[in-house]
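Okay, structure-v4.txt now, which holds compact mmCIF, C-alpha atoms:
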# COMPACT_ATOMS: atom_id res chain seq x y z
CA MET A 14 78.87 111.42 86.43
CA HIS A 15 79.51 113.64 89.42
CA THR A 16 78.61 117.30 89.03
CA VAL A 17 81.46 119.50 90.21
CA GLN A 18 81.15 122.91 91.84
CA ALA A 19 83.71 125.58 90.91
CA GLY A 20 82.74 128.85 92.50
CA SER A 21 79.18 129.51 91.34
CA TYR A 22 79.52 127.20 88.32
CA GLU A 23 78.44 123.60 87.99
CA ILE A 24 80.58 121.49 85.68
CA GLY A 25 79.56 118.14 84.26
CA GLN A 26 76.95 116.37 82.23
CA GLY A 27 73.99 118.60 81.41
CA HIS A 28 75.91 121.81 82.16
CA PRO A 29 77.51 124.24 79.67
CA LEU A 30 81.08 123.91 78.48
CA VAL A 31 83.35 125.92 80.80
CA LEU A 32 86.52 127.79 79.83
CA LEU A 33 89.59 127.95 82.09
CA ALA A 34 91.87 130.53 80.51
CA GLY A 35 94.46 133.19 81.17
CA PRO A 36 98.21 133.76 80.99
CA CYS A 37 100.55 130.95 81.94
CA VAL A 38 101.93 132.97 84.83
CA LEU A 39 101.00 136.24 86.50
CA GLU A 40 103.11 138.85 84.70
CA GLY A 41 101.78 141.77 86.73
CA TYR A 42 98.34 142.62 88.06
CA GLU A 43 97.21 145.12 85.43
CA HIS A 44 98.39 143.01 82.51
CA SER A 45 96.83 139.82 83.89
CA LEU A 46 93.59 141.64 84.65
CA ALA A 47 93.43 143.02 81.10
CA ILE A 48 93.78 139.51 79.64
CA GLY A 49 91.13 138.19 82.01
CA ARG A 50 88.76 141.07 81.26
CA GLU A 51 88.93 140.44 77.51
CA ALA A 52 88.50 136.68 77.95
CA LYS A 53 85.47 137.28 80.15
CA ARG A 54 83.98 139.72 77.62
CA ILE A 55 84.25 137.07 74.93
CA CYS A 56 82.82 134.35 77.17
CA ASP A 57 79.91 136.55 78.22
CA LYS A 58 79.18 137.23 74.56
CA LEU A 59 79.21 133.51 73.72
CA GLY A 60 77.47 132.33 76.88
CA ILE A 61 80.45 130.40 78.26
CA PRO A 62 81.10 130.23 82.02
CA TYR A 63 84.62 131.61 82.53
CA ILE A 64 87.27 130.74 85.13
CA PHE A 65 90.41 132.90 85.22
CA LYS A 66 93.66 130.92 85.18
CA ALA A 67 97.22 132.02 86.02
CA SER A 68 100.08 130.61 88.07
CA PHE A 69 101.53 132.46 91.05
CA ASP A 70 104.66 130.30 90.88
CA LYS A 71 105.91 128.20 87.98
CA ALA A 72 108.09 125.82 89.96
CA ASN A 73 108.71 123.35 87.14
CA ARG A 74 110.59 125.60 84.74
CA SER A 75 113.30 124.26 82.42
CA SER A 76 116.12 126.30 83.95
CA TYR A 77 116.92 127.88 87.29
CA ASP A 78 116.83 131.47 86.00
CA SER A 79 113.46 131.18 84.21
CA PHE A 80 110.73 133.60 85.32
CA ARG A 81 108.53 131.95 87.95
CA GLY A 82 105.99 134.62 88.87
CA PRO A 83 105.31 136.80 91.92
CA GLY A 84 105.23 133.97 94.43
CA LEU A 85 102.56 132.73 96.81
CA GLU A 86 101.64 135.81 98.86
CA GLU A 87 101.76 138.44 96.13
CA GLY A 88 100.32 136.05 93.57
CA LEU A 89 97.31 135.17 95.72
CA LYS A 90 96.80 138.86 96.41
CA GLN A 91 96.63 139.52 92.67
CA LEU A 92 94.35 136.55 92.05
CA ALA A 93 91.99 137.68 94.81
CA ALA A 94 91.81 141.14 93.25
CA ILE A 95 91.18 139.74 89.76
CA LYS A 96 88.52 137.43 91.18
CA LYS A 97 86.75 140.38 92.79
CA GLU A 98 87.13 142.72 89.81
CA LEU A 99 85.89 140.25 87.20
CA GLY A 100 83.42 138.40 89.41
CA VAL A 101 84.65 134.98 88.24
CA PRO A 102 86.18 131.92 89.91
CA VAL A 103 89.97 131.57 89.77
CA VAL A 104 92.29 128.58 89.39
CA SER A 105 96.01 128.24 90.01
CA ASP A 106 98.42 125.40 90.68
CA VAL A 107 100.14 124.38 93.90
CA HIS A 108 103.46 122.57 94.07
CA GLU A 109 104.01 121.89 97.76
CA THR A 110 101.75 120.95 100.66
CA TRP A 111 102.58 124.10 102.64
CA GLN A 112 101.04 126.24 99.87
CA VAL A 113 97.67 124.51 99.90
CA GLU A 114 95.92 125.99 102.95
CA LYS A 115 96.82 129.55 101.99
CA ALA A 116 95.88 128.99 98.35
CA ALA A 117 92.48 127.59 99.33
CA GLU A 118 91.60 130.93 100.92
CA VAL A 119 91.52 132.48 97.42
CA LEU A 120 91.28 129.76 94.79
CA ASP A 121 87.99 128.23 93.72
CA VAL A 122 89.86 125.46 91.90
CA ILE A 123 93.17 124.08 93.15
CA GLN A 124 95.19 122.61 90.31
CA ILE A 125 97.67 119.75 90.65
CA PRO A 126 100.38 119.96 87.96
CA ALA A 127 100.87 116.94 85.71
CA PHE A 128 104.34 116.17 87.04
CA LEU A 129 102.94 116.06 90.60
CA CYS A 130 99.72 114.13 90.05
CA ARG A 131 101.08 111.07 91.92
CA GLN A 132 102.32 113.08 94.92
CA THR A 133 100.00 111.61 97.53
CA ASP A 134 100.51 114.23 100.25
CA LEU A 135 99.97 117.14 97.84
CA VAL A 136 96.85 115.62 96.26
CA TYR A 137 95.39 114.70 99.65
CA ALA A 138 96.10 118.13 101.15
CA ALA A 139 94.37 119.84 98.23
CA ALA A 140 91.40 117.51 98.58
CA LYS A 141 91.07 118.17 102.32
CA THR A 142 90.38 121.86 101.64
CA GLY A 143 87.03 120.89 100.10
CA ARG A 144 87.81 123.03 97.07
CA CYS A 145 87.41 121.73 93.56
CA VAL A 146 90.62 119.89 92.62
CA ASN A 147 91.71 119.85 88.98
CA VAL A 148 94.32 117.15 88.40
CA LYS A 149 96.32 117.21 85.21
CA LYS A 150 97.08 113.68 84.04
CA GLY A 151 100.82 113.10 84.12
CA GLN A 152 102.60 112.80 80.79
CA PHE A 153 103.77 109.41 82.09
CA LEU A 154 100.35 107.99 83.07
CA ALA A 155 97.77 106.00 81.18
CA PRO A 156 94.28 107.53 81.46
CA TRP A 157 92.95 104.54 83.42
CA ASP A 158 95.68 105.10 86.04
CA MET A 159 93.86 108.27 87.09
CA LYS A 160 91.45 106.10 89.08
CA ASN A 161 94.18 105.87 91.73
CA VAL A 162 94.49 109.66 91.89
CA ILE A 163 90.72 109.89 92.23
CA GLY A 164 90.91 107.42 95.10
CA LYS A 165 93.30 109.67 97.00
CA ILE A 166 90.98 112.65 96.66
CA GLU A 167 87.90 110.65 97.57
CA ALA A 168 89.73 109.31 100.63
CA ALA A 169 89.76 112.90 101.88
CA GLY A 170 85.98 113.06 101.49
CA ASN A 171 86.12 115.25 98.39
CA HIS A 172 84.17 114.45 95.22
CA ASN A 173 84.77 117.83 93.60
CA ILE A 174 87.21 116.57 90.97
CA LEU A 175 88.20 117.57 87.46
CA LEU A 176 90.52 115.45 85.30
CA THR A 177 92.62 117.18 82.65
CA GLU A 178 94.24 115.70 79.54
CA ARG A 179 97.43 117.42 78.38
CA GLY A 180 99.25 114.85 76.29
CA SER A 181 101.66 112.00 76.93
CA SER A 182 105.44 111.79 76.50
CA PHE A 183 106.35 110.36 73.11
CA GLY A 184 110.09 110.07 72.78
CA TYR A 185 112.26 113.07 73.61
CA ASN A 186 110.80 116.62 73.74
CA THR A 187 107.54 115.48 72.23
CA LEU A 188 103.97 115.06 73.43
CA VAL A 189 101.13 113.23 71.72
CA THR A 190 97.49 113.26 72.77
CA ASP A 191 95.45 110.08 72.64
CA MET A 192 91.89 111.35 72.40
CA ARG A 193 90.63 108.05 73.81
CA GLY A 194 91.96 109.28 77.14
CA LEU A 195 89.17 111.85 77.44
CA ALA A 196 86.50 109.18 77.04
CA ILE A 197 88.31 106.76 79.34
CA MET A 198 88.75 109.33 82.12
CA ARG A 199 85.14 110.42 81.78
CA GLU A 200 84.12 106.82 82.43
CA LEU A 201 85.79 107.15 85.84
CA GLY A 202 82.82 109.31 86.83
CA TYR A 203 84.14 112.87 86.80
CA PRO A 204 84.12 115.78 84.32
CA VAL A 205 87.05 116.01 81.93
CA VAL A 206 89.00 119.03 80.77
CA MET A 207 91.08 119.36 77.60
CA ASP A 208 94.27 121.40 77.94
CA ALA A 209 94.73 122.23 74.27
CA THR A 210 97.72 124.51 74.77
CA HIS A 211 100.03 122.30 76.85
CA SER A 212 99.16 119.43 74.51
CA VAL A 213 101.19 121.15 71.78
CA GLN A 214 104.10 121.99 74.06
CA ILE A 215 107.61 120.79 73.21
CA PRO A 216 109.11 120.29 76.71
CA GLY A 217 112.64 121.66 76.87
CA GLY A 218 112.53 122.08 73.11
CA GLN A 219 114.43 125.37 73.12
CA GLY A 220 117.23 124.30 75.42
CA LYS A 221 116.59 126.40 78.51
CA THR A 222 112.90 126.85 77.75
CA SER A 223 110.06 124.78 76.31
CA GLY A 224 108.94 125.20 72.75
CA GLY A 225 105.52 124.67 71.26
CA GLN A 226 103.40 124.50 68.12
CA SER A 227 100.56 126.90 68.80
CA GLN A 228 99.27 126.53 65.23
CA TYR A 229 97.88 123.15 66.25
CA VAL A 230 95.94 124.35 69.31
CA PRO A 231 92.69 124.84 67.32
CA HIS A 232 92.97 121.29 65.97
CA MET A 233 93.40 119.87 69.48
CA ALA A 234 90.51 121.91 70.87
CA ARG A 235 88.12 120.98 68.05
CA ALA A 236 89.06 117.30 68.22
CA ALA A 237 88.51 117.23 71.99
CA ALA A 238 85.11 118.88 71.61
CA ALA A 239 84.20 116.19 69.10
CA VAL A 240 85.12 113.46 71.62
CA GLY A 241 83.17 115.21 74.37
CA ILE A 242 84.54 117.42 77.13
CA ASP A 243 83.12 119.36 80.05
CA ALA A 244 85.68 122.18 80.08
CA LEU A 245 88.42 123.60 77.90
CA PHE A 246 91.76 124.86 79.27
CA LEU A 247 93.69 127.43 77.25
CA GLU A 248 96.63 129.66 78.03
CA VAL A 249 96.06 132.99 76.29
CA HIS A 250 98.13 136.13 75.91
CA ASP A 251 97.86 139.40 74.01
CA ASP A 252 101.38 138.86 72.58
CA PRO A 253 102.67 135.29 73.06
CA SER A 254 106.05 136.24 71.57
CA LYS A 255 106.65 138.38 74.67
CA ALA A 256 105.10 136.03 77.23
CA LEU A 257 107.38 135.20 80.15
CA SER A 258 106.38 131.51 80.14
CA ASP A 259 104.97 129.08 77.56
CA GLY A 260 104.63 131.67 74.81
CA PRO A 261 105.19 129.17 71.94
CA ASN A 262 102.08 127.16 72.80
CA MET A 263 99.72 130.01 73.76
CA VAL A 264 96.63 131.26 71.95
CA ARG A 265 96.66 134.89 70.87
CA LEU A 266 93.93 136.78 72.69
CA ASP A 267 92.60 138.23 69.43
CA GLN A 268 92.07 134.69 68.10
CA LEU A 269 90.23 133.39 71.16
CA GLU A 270 86.70 134.30 70.09
CA GLY A 271 86.99 132.62 66.71
CA LEU A 272 88.36 129.44 68.25
CA LEU A 273 85.64 129.29 70.90
CA LYS A 274 82.92 129.71 68.28
CA GLN A 275 84.27 126.65 66.45
CA VAL A 276 84.50 124.62 69.66
CA LEU A 277 80.98 125.59 70.71
CA ALA A 278 79.56 124.58 67.33
CA ILE A 279 81.09 121.11 67.67
CA ASP A 280 80.13 120.86 71.33
CA LYS A 281 76.50 121.60 70.44
CA ILE A 282 76.44 118.74 67.94
CA VAL A 283 78.03 116.28 70.36
CA ARG A 284 75.65 117.18 73.15
CA GLY A 285 72.76 116.64 70.74

Exercise: express the given structure as structure tokens:
Amino acid sequence: MHTVQAGSYEIGQGHPLVLLAGPCVLEGYEHSLAIGREAKRICDKLGIPYIFKASFDKANRSSYDSFRGPGLEEGLKQLAAIKKELGVPVVSDVHETWQVEKAAEVLDVIQIPAFLCRQTDLVYAAAKTGRCVNVKKGQFLAPWDMKNVIGKIEAAGNHNILLTERGSSFGYNTLVTDMRGLAIMRELGYPVVMDATHSVQIPGGQGKTSGGQSQYVPHMARAAAAVGIDALFLEVHDDPSKALSDGPNMVRLDQLEGLLKQVLAIDKIVRG
């Protein structure tokens, strides 16, 4: 398996489980920083390398008037400040090729959203930056199809790749996660990430917004750790009921430490 570099962290076989976590979208610098600071405190306590996650633009919202975030320039400014203040790598998603070069100036990990994982130009542009590229497997793809996405990134000379599982479409407004996918994608030679929060999302389930079943996030995270993962992706918030995006599938910040302790205990057994 390739070892991936994300900021100062190495991710992959033989390296500690990494956490990518933060609010779904930047809801303001101070608020986002506070969430990141608490997540980092917990990770430092538990010995988990921490990467701050938040979107500067949520382009794939259910409705036109949904909150999208501060946008590219202001969002990257906030992410750069959080990165400096917390001393951790940062990850955010890009949606169009013109965003990539600017984003790479700040981001340690460039994320390709699940809906866009087959967009050749976007994937290739992200890869050409040399940054770590985290690709979320599309809800419409089989895990073995990710080899073609890997090929696009490798064609750009980049082997700094993470592959993320976040569930597959199962009928209308429903996702189901086939845990075999984690093992199958790992066999493709790159570290795998479990997105335990989007895996319990109910896309468009509330009409103009997506719903979710956050009560099942711990089950998804523990099950993924039992299969074997290299990183865990969680969207966290101090009050998910007031979150401006994806609140129904978020983890409450005050429940993060307990969940991570459970995941680490399982991860320790699996790693032997």

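For Ala140 of chain A, the non-local neighbours within 7 Å, defined as residues at least 3 positions apart in the same chain or in other chains and counting all atoms listed in the file, are Val136, Tyr137, Gly143, Arg144, Val146, Ile166, Ala169 and Asn171 of chain A.
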
One residue among A:Ile24, A:Leu39, A:Val264, A:Ala209 is nearest to Asn147 of chain A when using only C-alpha atoms, and that residue is A:Ile24

Atomic separation - atom CA of His211 of chain A relative to atom CA of Ser182 of chain A, Å
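Interatomic distance, atom CA of Ser182 of chain A to atom CA of His211 of chain A: 11.8 Å.
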
Counting only C-alpha atoms, find residues at most 12 Å from (100.6, 137.0, 74.4) (file frame) and give them as a PyMOL selection string.
chain A and resi 35-38+40+44-45+47-48+227+248-269

Residues at most 6 Å from segment 59-70 of chain A, counting all atoms listed in the file, excluding those fewer than 4 positions away in the same chain, as a PDB file with C-alpha atoms, keeping the file's coordinate frame?
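Written output follows (result.pdb):
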ATOM      1  CA  VAL A  31      83.350 125.920  80.800  1.00  0.00           C
ATOM      2  CA  LEU A  32      86.520 127.790  79.830  1.00  0.00           C
ATOM      3  CA  LEU A  33      89.590 127.950  82.090  1.00  0.00           C
ATOM      4  CA  ALA A  34      91.870 130.530  80.510  1.00  0.00           C
ATOM      5  CA  GLY A  35      94.460 133.190  81.170  1.00  0.00           C
ATOM      6  CA  PRO A  36      98.210 133.760  80.990  1.00  0.00           C
ATOM      7  CA  CYS A  37     100.550 130.950  81.940  1.00  0.00           C
ATOM      8  CA  VAL A  38     101.930 132.970  84.830  1.00  0.00           C
ATOM      9  CA  LEU A  39     101.000 136.240  86.500  1.00  0.00           C
ATOM     10  CA  ARG A  81     108.530 131.950  87.950  1.00  0.00           C
ATOM     11  CA  GLY A  82     105.990 134.620  88.870  1.00  0.00           C
ATOM     12  CA  PRO A  83     105.310 136.800  91.920  1.00  0.00           C
ATOM     13  CA  GLY A  84     105.230 133.970  94.430  1.00  0.00           C
ATOM     14  CA  LEU A  85     102.560 132.730  96.810  1.00  0.00           C
ATOM     15  CA  GLY A  88     100.320 136.050  93.570  1.00  0.00           C
ATOM     16  CA  VAL A 101      84.650 134.980  88.240  1.00  0.00           C
ATOM     17  CA  PRO A 102      86.180 131.920  89.910  1.00  0.00           C
ATOM     18  CA  VAL A 103      89.970 131.570  89.770  1.00  0.00           C
ATOM     19  CA  VAL A 104      92.290 128.580  89.390  1.00  0.00           C
ATOM     20  CA  SER A 105      96.010 128.240  90.010  1.00  0.00           C
TER      21      SER A 105
END

Computed interatomic separation between atom CA of Gln91 of chain A and atom CA of Val119 of chain A (Å):
9.9 Å

Kindly assemble as CSV a list of the segment 88-141 of chain A residues that lie within 12 Å of segment 190-208 of chain A, each paired with its nearest atom pair and their distance in Å to one decimal, using all atoms listed in the file, sorted first by chain and then by ascending residue number.
residue,atom,partner,partner_atom,distance
A:Gln124,CA,A:Val206,CA,11.9
A:Pro126,CA,A:Asp208,CA,11.8
A:Ala127,CA,A:Asp208,CA,11.1

With all atoms listed in the file as the counted atoms, please give the residues lying no more than 10 Å from Lys281 of chain A, apart from itself and same-chain residues fewer than 3 positions off, as a list of chain:residue names.
A:Pro29, A:Leu30, A:Ala238, A:Ala239, A:Val276, A:Leu277, A:Ala278, A:Arg284, A:Gly285

Nearest residue to Ala155 of chain A from the set A:Ser181, A:Ile174, A:Gly41, A:Gly49 (distances using only C-alpha atoms)
A:Ser181

Work out how far atom CA of Thr110 of chain A is from atom CA of Thr133 of chain A, in Å to one decimal.
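Atom CA of Thr133 of chain A sits 10.0 Å away from atom CA of Thr110 of chain A.
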
Rank A:Thr210, A:Ile95, A:Ala19, A:His28 by their smallest atom-to-atom distance to Asp280 of chain A, using all atoms listed in the file, and report the top residue only.
A:His28

Selected residue of minimal separation from Gly170 of chain A among A:Thr142, A:Phe246, A:Asp106, A:Ala234, counting all atoms listed in the file:
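Among the listed residues, the smallest separation from Gly170 of chain A belongs to A:Thr142.
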
Looking at all atoms listed in the file, which of A:Met159, A:Ile279, A:Leu273, A:Tyr77 is the one that sits closest to Cys56 of chain A?
A:Leu273

Counting all atoms listed in the file, note down every residue that has an atom within 10 Å of the point (106.1, 117.2, 77.4) (file coordinates), as a PyMOL selection string.
chain A and resi 127-128+151-153+179-189+211-218+223-225

Using only C-alpha atoms, pick whichever of A:Lys150, A:Lys115, A:Lys165, A:Lys58 has the shortest atom-to-atom distance to Asp134 of chain A.
A:Lys165
